[in-house]
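J.: The file below is protein_16.txt, compact mmCIF, N, CA and C atoms:
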# COMPACT_ATOMS: atom_id res chain seq x y z
N MET A 1 0.84 -1.18 0.00
CA MET A 1 0.00 0.00 0.00
C MET A 1 0.88 1.25 0.00
N ASN A 2 0.49 2.22 -0.72
CA ASN A 2 1.21 3.48 -0.80
C ASN A 2 0.94 4.28 0.48
N ILE A 3 1.98 4.82 1.09
CA ILE A 3 1.84 5.66 2.27
C ILE A 3 1.96 7.11 1.81
N PRO A 4 0.95 7.95 2.12
CA PRO A 4 1.00 9.34 1.67
C PRO A 4 2.21 10.08 2.25
N VAL A 5 2.81 10.93 1.44
CA VAL A 5 3.88 11.79 1.94
C VAL A 5 3.24 13.04 2.52
N ALA A 6 4.03 13.82 3.23
CA ALA A 6 3.51 15.02 3.87
C ALA A 6 2.74 15.88 2.87
N GLY A 7 1.58 16.30 3.26
CA GLY A 7 0.75 17.16 2.42
C GLY A 7 -0.20 16.42 1.51
N GLN A 8 0.03 15.15 1.27
CA GLN A 8 -0.90 14.39 0.43
C GLN A 8 -2.11 13.99 1.27
N LYS A 9 -3.25 13.96 0.64
CA LYS A 9 -4.51 13.68 1.33
C LYS A 9 -4.92 12.22 1.21
N ARG A 10 -5.66 11.77 2.20
CA ARG A 10 -6.25 10.43 2.21
C ARG A 10 -7.74 10.59 1.92
N LEU A 11 -8.20 9.96 0.86
CA LEU A 11 -9.55 10.16 0.35
C LEU A 11 -10.31 8.83 0.30
N VAL A 12 -11.56 8.88 0.71
CA VAL A 12 -12.47 7.73 0.59
C VAL A 12 -13.44 8.03 -0.54
N ILE A 13 -13.69 7.05 -1.40
CA ILE A 13 -14.71 7.18 -2.44
C ILE A 13 -15.66 6.00 -2.29
N VAL A 14 -16.93 6.31 -2.11
CA VAL A 14 -17.96 5.27 -2.03
C VAL A 14 -18.71 5.26 -3.36
N GLY A 15 -18.84 4.08 -3.95
CA GLY A 15 -19.56 3.96 -5.21
C GLY A 15 -18.68 4.18 -6.43
N ALA A 16 -17.44 3.76 -6.37
CA ALA A 16 -16.50 4.00 -7.47
C ALA A 16 -16.75 3.12 -8.69
N THR A 17 -17.67 2.17 -8.61
CA THR A 17 -17.99 1.37 -9.80
C THR A 17 -19.04 2.05 -10.66
N GLY A 18 -19.66 3.10 -10.15
CA GLY A 18 -20.65 3.84 -10.93
C GLY A 18 -20.01 4.91 -11.80
N MET A 19 -20.84 5.60 -12.58
CA MET A 19 -20.34 6.61 -13.50
C MET A 19 -19.64 7.76 -12.76
N VAL A 20 -20.31 8.39 -11.82
CA VAL A 20 -19.74 9.55 -11.12
C VAL A 20 -18.57 9.11 -10.24
N GLY A 21 -18.75 8.03 -9.50
CA GLY A 21 -17.68 7.54 -8.64
C GLY A 21 -16.46 7.10 -9.42
N GLY A 22 -16.68 6.55 -10.60
CA GLY A 22 -15.57 6.14 -11.45
C GLY A 22 -14.73 7.33 -11.90
N TYR A 23 -15.39 8.43 -12.24
CA TYR A 23 -14.66 9.64 -12.60
C TYR A 23 -13.88 10.17 -11.39
N ALA A 24 -14.52 10.17 -10.23
CA ALA A 24 -13.85 10.64 -9.01
C ALA A 24 -12.63 9.78 -8.71
N LEU A 25 -12.77 8.48 -8.86
CA LEU A 25 -11.67 7.56 -8.60
C LEU A 25 -10.49 7.82 -9.55
N ARG A 26 -10.76 7.90 -10.83
CA ARG A 26 -9.69 8.13 -11.80
C ARG A 26 -8.98 9.46 -11.53
N TYR A 27 -9.74 10.48 -11.23
CA TYR A 27 -9.16 11.79 -10.93
C TYR A 27 -8.27 11.71 -9.69
N ALA A 28 -8.76 11.07 -8.65
CA ALA A 28 -8.01 10.97 -7.39
C ALA A 28 -6.72 10.18 -7.57
N LEU A 29 -6.80 9.08 -8.30
CA LEU A 29 -5.61 8.26 -8.50
C LEU A 29 -4.54 9.00 -9.30
N ASP A 30 -4.96 9.87 -10.20
CA ASP A 30 -4.02 10.64 -11.03
C ASP A 30 -3.50 11.90 -10.35
N HIS A 31 -4.18 12.37 -9.31
CA HIS A 31 -3.84 13.65 -8.70
C HIS A 31 -2.67 13.50 -7.73
N PRO A 32 -1.62 14.33 -7.89
CA PRO A 32 -0.45 14.21 -7.02
C PRO A 32 -0.71 14.61 -5.56
N GLY A 33 -1.77 15.36 -5.32
CA GLY A 33 -2.11 15.77 -3.96
C GLY A 33 -2.82 14.70 -3.15
N VAL A 34 -3.19 13.61 -3.81
CA VAL A 34 -3.86 12.50 -3.13
C VAL A 34 -2.85 11.37 -2.97
N GLY A 35 -2.62 10.97 -1.72
CA GLY A 35 -1.64 9.93 -1.46
C GLY A 35 -2.24 8.55 -1.31
N ARG A 36 -3.50 8.49 -0.87
CA ARG A 36 -4.15 7.19 -0.70
C ARG A 36 -5.64 7.34 -0.98
N VAL A 37 -6.19 6.38 -1.72
CA VAL A 37 -7.62 6.35 -2.00
C VAL A 37 -8.17 5.04 -1.47
N THR A 38 -9.15 5.14 -0.60
CA THR A 38 -9.87 3.96 -0.13
C THR A 38 -11.20 3.93 -0.85
N ALA A 39 -11.38 2.96 -1.72
CA ALA A 39 -12.63 2.81 -2.48
C ALA A 39 -13.50 1.77 -1.77
N ILE A 40 -14.71 2.16 -1.41
CA ILE A 40 -15.63 1.28 -0.71
C ILE A 40 -16.81 1.01 -1.62
N GLY A 41 -17.09 -0.26 -1.83
CA GLY A 41 -18.20 -0.62 -2.69
C GLY A 41 -18.63 -2.06 -2.51
N ARG A 42 -19.67 -2.44 -3.23
CA ARG A 42 -20.21 -3.80 -3.13
C ARG A 42 -19.54 -4.75 -4.11
N ARG A 43 -18.93 -4.20 -5.16
CA ARG A 43 -18.26 -5.03 -6.18
C ARG A 43 -16.80 -4.61 -6.30
N LYS A 44 -15.97 -5.55 -6.72
CA LYS A 44 -14.56 -5.25 -6.97
C LYS A 44 -14.44 -4.31 -8.16
N LEU A 45 -13.46 -3.45 -8.11
CA LEU A 45 -13.23 -2.48 -9.19
C LEU A 45 -12.57 -3.12 -10.41
N GLY A 46 -11.76 -4.12 -10.20
CA GLY A 46 -11.07 -4.74 -11.31
C GLY A 46 -9.86 -3.97 -11.78
N ILE A 47 -9.33 -3.10 -10.92
CA ILE A 47 -8.11 -2.36 -11.26
C ILE A 47 -7.13 -2.47 -10.10
N SER A 48 -5.89 -2.18 -10.40
CA SER A 48 -4.84 -2.18 -9.39
C SER A 48 -4.07 -0.87 -9.52
N HIS A 49 -3.76 -0.27 -8.39
CA HIS A 49 -3.01 0.99 -8.39
C HIS A 49 -2.30 1.10 -7.04
N SER A 50 -1.12 1.66 -7.03
CA SER A 50 -0.35 1.76 -5.79
C SER A 50 -1.03 2.62 -4.73
N LYS A 51 -1.86 3.57 -5.13
CA LYS A 51 -2.57 4.43 -4.18
C LYS A 51 -3.87 3.81 -3.67
N LEU A 52 -4.32 2.75 -4.30
CA LEU A 52 -5.67 2.23 -4.07
C LEU A 52 -5.73 1.17 -2.98
N ASN A 53 -6.67 1.39 -2.05
CA ASN A 53 -7.03 0.41 -1.03
C ASN A 53 -8.52 0.13 -1.25
N GLU A 54 -8.85 -1.09 -1.62
CA GLU A 54 -10.24 -1.43 -1.94
C GLU A 54 -10.88 -2.17 -0.76
N VAL A 55 -12.07 -1.73 -0.38
CA VAL A 55 -12.81 -2.34 0.72
C VAL A 55 -14.19 -2.74 0.19
N LEU A 56 -14.51 -4.01 0.30
CA LEU A 56 -15.84 -4.48 -0.09
C LEU A 56 -16.78 -4.42 1.10
N HIS A 57 -17.97 -3.90 0.86
CA HIS A 57 -18.98 -3.76 1.92
C HIS A 57 -20.36 -3.94 1.29
N GLN A 58 -21.14 -4.85 1.82
CA GLN A 58 -22.43 -5.19 1.20
C GLN A 58 -23.62 -4.42 1.76
N ASP A 59 -23.62 -4.10 3.05
CA ASP A 59 -24.82 -3.57 3.70
C ASP A 59 -24.62 -2.12 4.14
N PHE A 60 -24.99 -1.19 3.28
CA PHE A 60 -24.82 0.22 3.60
C PHE A 60 -25.86 0.75 4.58
N ALA A 61 -26.81 -0.10 4.96
CA ALA A 61 -27.74 0.28 6.03
C ALA A 61 -27.02 0.22 7.38
N ASP A 62 -25.90 -0.48 7.44
CA ASP A 62 -25.09 -0.58 8.65
C ASP A 62 -23.62 -0.49 8.25
N CYS A 63 -23.03 0.67 8.47
CA CYS A 63 -21.64 0.91 8.07
C CYS A 63 -20.67 0.78 9.23
N SER A 64 -21.12 0.28 10.36
CA SER A 64 -20.25 0.20 11.54
C SER A 64 -19.00 -0.64 11.28
N ALA A 65 -19.08 -1.64 10.41
CA ALA A 65 -17.90 -2.47 10.09
C ALA A 65 -16.83 -1.67 9.34
N LEU A 66 -17.17 -0.48 8.86
CA LEU A 66 -16.22 0.34 8.10
C LEU A 66 -15.41 1.29 8.99
N ALA A 67 -15.66 1.27 10.29
CA ALA A 67 -15.03 2.24 11.19
C ALA A 67 -13.51 2.27 11.06
N GLU A 68 -12.88 1.11 11.01
CA GLU A 68 -11.42 1.08 10.90
C GLU A 68 -10.94 1.62 9.56
N ALA A 69 -11.61 1.22 8.48
CA ALA A 69 -11.23 1.69 7.14
C ALA A 69 -11.41 3.21 7.01
N LEU A 70 -12.31 3.78 7.79
CA LEU A 70 -12.59 5.21 7.71
C LEU A 70 -11.76 6.05 8.67
N SER A 71 -10.91 5.42 9.46
CA SER A 71 -10.11 6.19 10.40
C SER A 71 -8.96 6.90 9.68
N ASP A 72 -8.61 8.06 10.18
CA ASP A 72 -7.50 8.87 9.66
C ASP A 72 -7.67 9.27 8.21
N GLN A 73 -8.88 9.59 7.81
CA GLN A 73 -9.15 10.05 6.44
C GLN A 73 -9.27 11.57 6.44
N ASP A 74 -8.92 12.18 5.32
CA ASP A 74 -9.04 13.63 5.18
C ASP A 74 -10.36 14.05 4.55
N ALA A 75 -10.89 13.19 3.69
CA ALA A 75 -12.13 13.54 2.98
C ALA A 75 -12.80 12.28 2.45
N ALA A 76 -14.10 12.41 2.21
CA ALA A 76 -14.86 11.32 1.60
C ALA A 76 -15.78 11.89 0.54
N VAL A 77 -15.88 11.16 -0.56
CA VAL A 77 -16.78 11.51 -1.65
C VAL A 77 -17.77 10.36 -1.76
N PHE A 78 -19.04 10.65 -1.49
CA PHE A 78 -20.08 9.62 -1.47
C PHE A 78 -20.84 9.66 -2.79
N CYS A 79 -20.64 8.63 -3.62
CA CYS A 79 -21.23 8.58 -4.96
C CYS A 79 -22.20 7.42 -5.12
N LEU A 80 -22.59 6.80 -4.03
CA LEU A 80 -23.54 5.70 -4.10
C LEU A 80 -24.93 6.27 -4.34
N GLY A 81 -25.64 5.75 -5.32
CA GLY A 81 -26.97 6.28 -5.59
C GLY A 81 -27.70 5.47 -6.62
N THR A 82 -28.87 5.96 -6.95
CA THR A 82 -29.72 5.34 -7.96
C THR A 82 -30.48 6.45 -8.67
N TYR A 83 -31.16 6.10 -9.73
CA TYR A 83 -31.87 7.10 -10.52
C TYR A 83 -33.35 7.14 -10.15
N THR A 84 -33.91 8.34 -10.11
CA THR A 84 -35.34 8.52 -9.89
C THR A 84 -36.09 7.77 -10.98
N GLY A 85 -37.09 7.02 -10.59
CA GLY A 85 -37.89 6.27 -11.55
C GLY A 85 -37.40 4.85 -11.79
N SER A 86 -36.15 4.58 -11.43
CA SER A 86 -35.62 3.23 -11.63
C SER A 86 -35.93 2.31 -10.45
N VAL A 87 -36.29 2.91 -9.32
CA VAL A 87 -36.65 2.16 -8.12
C VAL A 87 -37.85 2.85 -7.47
N SER A 88 -38.45 2.18 -6.49
CA SER A 88 -39.58 2.78 -5.78
C SER A 88 -39.11 3.99 -4.98
N ASP A 89 -40.06 4.83 -4.59
CA ASP A 89 -39.72 6.01 -3.78
C ASP A 89 -39.07 5.60 -2.47
N ALA A 90 -39.55 4.52 -1.87
CA ALA A 90 -38.98 4.04 -0.61
C ALA A 90 -37.53 3.59 -0.80
N GLU A 91 -37.25 2.88 -1.90
CA GLU A 91 -35.89 2.43 -2.18
C GLU A 91 -34.99 3.61 -2.50
N LEU A 92 -35.51 4.58 -3.24
CA LEU A 92 -34.75 5.79 -3.56
C LEU A 92 -34.33 6.51 -2.29
N ARG A 93 -35.26 6.65 -1.36
CA ARG A 93 -34.95 7.31 -0.09
C ARG A 93 -33.92 6.51 0.70
N LYS A 94 -34.07 5.20 0.72
CA LYS A 94 -33.13 4.35 1.47
C LYS A 94 -31.71 4.52 0.93
N VAL A 95 -31.57 4.47 -0.38
CA VAL A 95 -30.25 4.54 -0.99
C VAL A 95 -29.66 5.95 -0.91
N THR A 96 -30.44 6.97 -1.23
CA THR A 96 -29.88 8.32 -1.33
C THR A 96 -29.86 9.08 0.00
N VAL A 97 -30.71 8.70 0.94
CA VAL A 97 -30.73 9.41 2.22
C VAL A 97 -30.20 8.52 3.35
N ASP A 98 -30.85 7.40 3.57
CA ASP A 98 -30.49 6.56 4.73
C ASP A 98 -29.06 6.04 4.66
N TYR A 99 -28.65 5.54 3.50
CA TYR A 99 -27.29 5.03 3.35
C TYR A 99 -26.27 6.15 3.54
N THR A 100 -26.58 7.32 3.01
CA THR A 100 -25.67 8.46 3.11
C THR A 100 -25.50 8.89 4.56
N VAL A 101 -26.60 9.01 5.27
CA VAL A 101 -26.55 9.42 6.68
C VAL A 101 -25.80 8.39 7.52
N GLU A 102 -26.05 7.10 7.28
CA GLU A 102 -25.36 6.05 8.02
C GLU A 102 -23.85 6.10 7.76
N PHE A 103 -23.46 6.24 6.51
CA PHE A 103 -22.03 6.33 6.20
C PHE A 103 -21.40 7.56 6.86
N ALA A 104 -22.05 8.71 6.77
CA ALA A 104 -21.53 9.95 7.34
C ALA A 104 -21.40 9.83 8.87
N ARG A 105 -22.31 9.13 9.50
CA ARG A 105 -22.26 8.91 10.95
C ARG A 105 -20.97 8.17 11.33
N VAL A 106 -20.68 7.09 10.62
CA VAL A 106 -19.48 6.30 10.93
C VAL A 106 -18.22 7.07 10.55
N LEU A 107 -18.23 7.78 9.43
CA LEU A 107 -17.08 8.60 9.04
C LEU A 107 -16.77 9.63 10.12
N ARG A 108 -17.79 10.29 10.61
CA ARG A 108 -17.58 11.33 11.62
C ARG A 108 -16.98 10.74 12.90
N GLY A 109 -17.43 9.55 13.27
CA GLY A 109 -16.87 8.90 14.45
C GLY A 109 -15.43 8.47 14.26
N SER A 110 -15.06 8.09 13.06
CA SER A 110 -13.70 7.59 12.78
C SER A 110 -12.72 8.68 12.36
N SER A 111 -13.22 9.69 11.67
CA SER A 111 -12.38 10.80 11.18
C SER A 111 -13.18 12.10 11.35
N PRO A 112 -13.27 12.60 12.59
CA PRO A 112 -14.16 13.74 12.86
C PRO A 112 -13.84 15.01 12.08
N ASP A 113 -12.63 15.16 11.61
CA ASP A 113 -12.26 16.37 10.86
C ASP A 113 -12.33 16.21 9.35
N ALA A 114 -12.75 15.03 8.89
CA ALA A 114 -12.80 14.77 7.44
C ALA A 114 -13.90 15.58 6.78
N ALA A 115 -13.61 16.05 5.58
CA ALA A 115 -14.62 16.71 4.75
C ALA A 115 -15.50 15.63 4.12
N PHE A 116 -16.75 15.96 3.87
CA PHE A 116 -17.70 15.00 3.28
C PHE A 116 -18.40 15.65 2.10
N SER A 117 -18.38 14.98 0.96
CA SER A 117 -19.08 15.47 -0.23
C SER A 117 -20.04 14.40 -0.72
N PHE A 118 -21.26 14.81 -1.01
CA PHE A 118 -22.28 13.92 -1.55
C PHE A 118 -22.48 14.28 -3.00
N LEU A 119 -22.20 13.34 -3.89
CA LEU A 119 -22.36 13.60 -5.32
C LEU A 119 -23.48 12.72 -5.86
Let me see whether you can do it: turn the structure in this file into structure tokens.
T.:
Amino acid sequence: MNIPVAGQKRLVIVGATGMVGGYALRYALDHPGVGRVTAIGRRKLGISHSKLNEVLHQDFADCSALAEALSDQDAAVFCLGTYTGSVSDAELRKVTVDYTVEFARVLRGSSPDAAFSFL
């Protein structure tokens, strides 16, 4: 695993197998200011990179198992989502609101000073 040098940031990306998360991942891996990227998702990315730490997680309704992976992070980009009309209103709320709030709760407990972006 690549260890960030002074000044490089540690970034978490959730949902990097999707369109938006994939762009965020590629940008982060190429950016010299990012020293480590922890990608959290339900499926393997299928790529290898010296900056990349991949964490598989199936149940975003309970992110407590991610506490260790989320410790000592500088920022998180949450890209997990679904499209309006592709799922029921209840499922849309669960994915876009409940999962986001649960992830942010665990992130705050593990890295209280980390920035959080919802895309």
J.: Distance atom N of His57 in chain A-atom N of Ala115 in chain A, one decimal place?
T.: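 Computed distance, atom N of His57 in chain A to atom N of Ala115 in chain A, equals 21.0 Å.
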J.: Grab the CA of Val101 in chain A to CA of Ala67 in chain A distance for me, in Å with one decimal place.
T.: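 Straight-line distance from CA of Val101 in chain A to CA of Ala67 in chain A works out to 14.3 Å.
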J.: Where in range 44-118 of chain A does DSSP assign alpha helix (DSSP H), given as a count of residues only?
T.: 17
J.: For the strand (DSSP E) assignment from backbone DSSP, which residues of chain A qualify? Please present them as a list in words.
T.: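 Filtering chain A down to strand (DSSP E) leaves Lys9, Arg10, Leu11, Val12, Ile13, Val14, Val34, Gly35, Arg36, Val37, Thr38, Ala39, Ile40, Gly41, Leu52, Asn53, Glu54, Val55, Leu56, Ala75, Ala76, Val77, Phe78, Ala115, Phe116, Ser117 and Phe118 of chain A.
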J.: Quick one: everything within 6 Å of Val34 in chain A, counting all atoms listed in the file, minus sequence neighbours fewer than 6 positions away in the same chain. Send it as a PyMOL selection string.
T.: chain A and resi 8-10+28
J.: Rounded to one decimal, what separation in Å do you get between atom C of Ser111 in chain A and atom C of Gln73 in chain A?
T.: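 So the answer is 6.3 Å.
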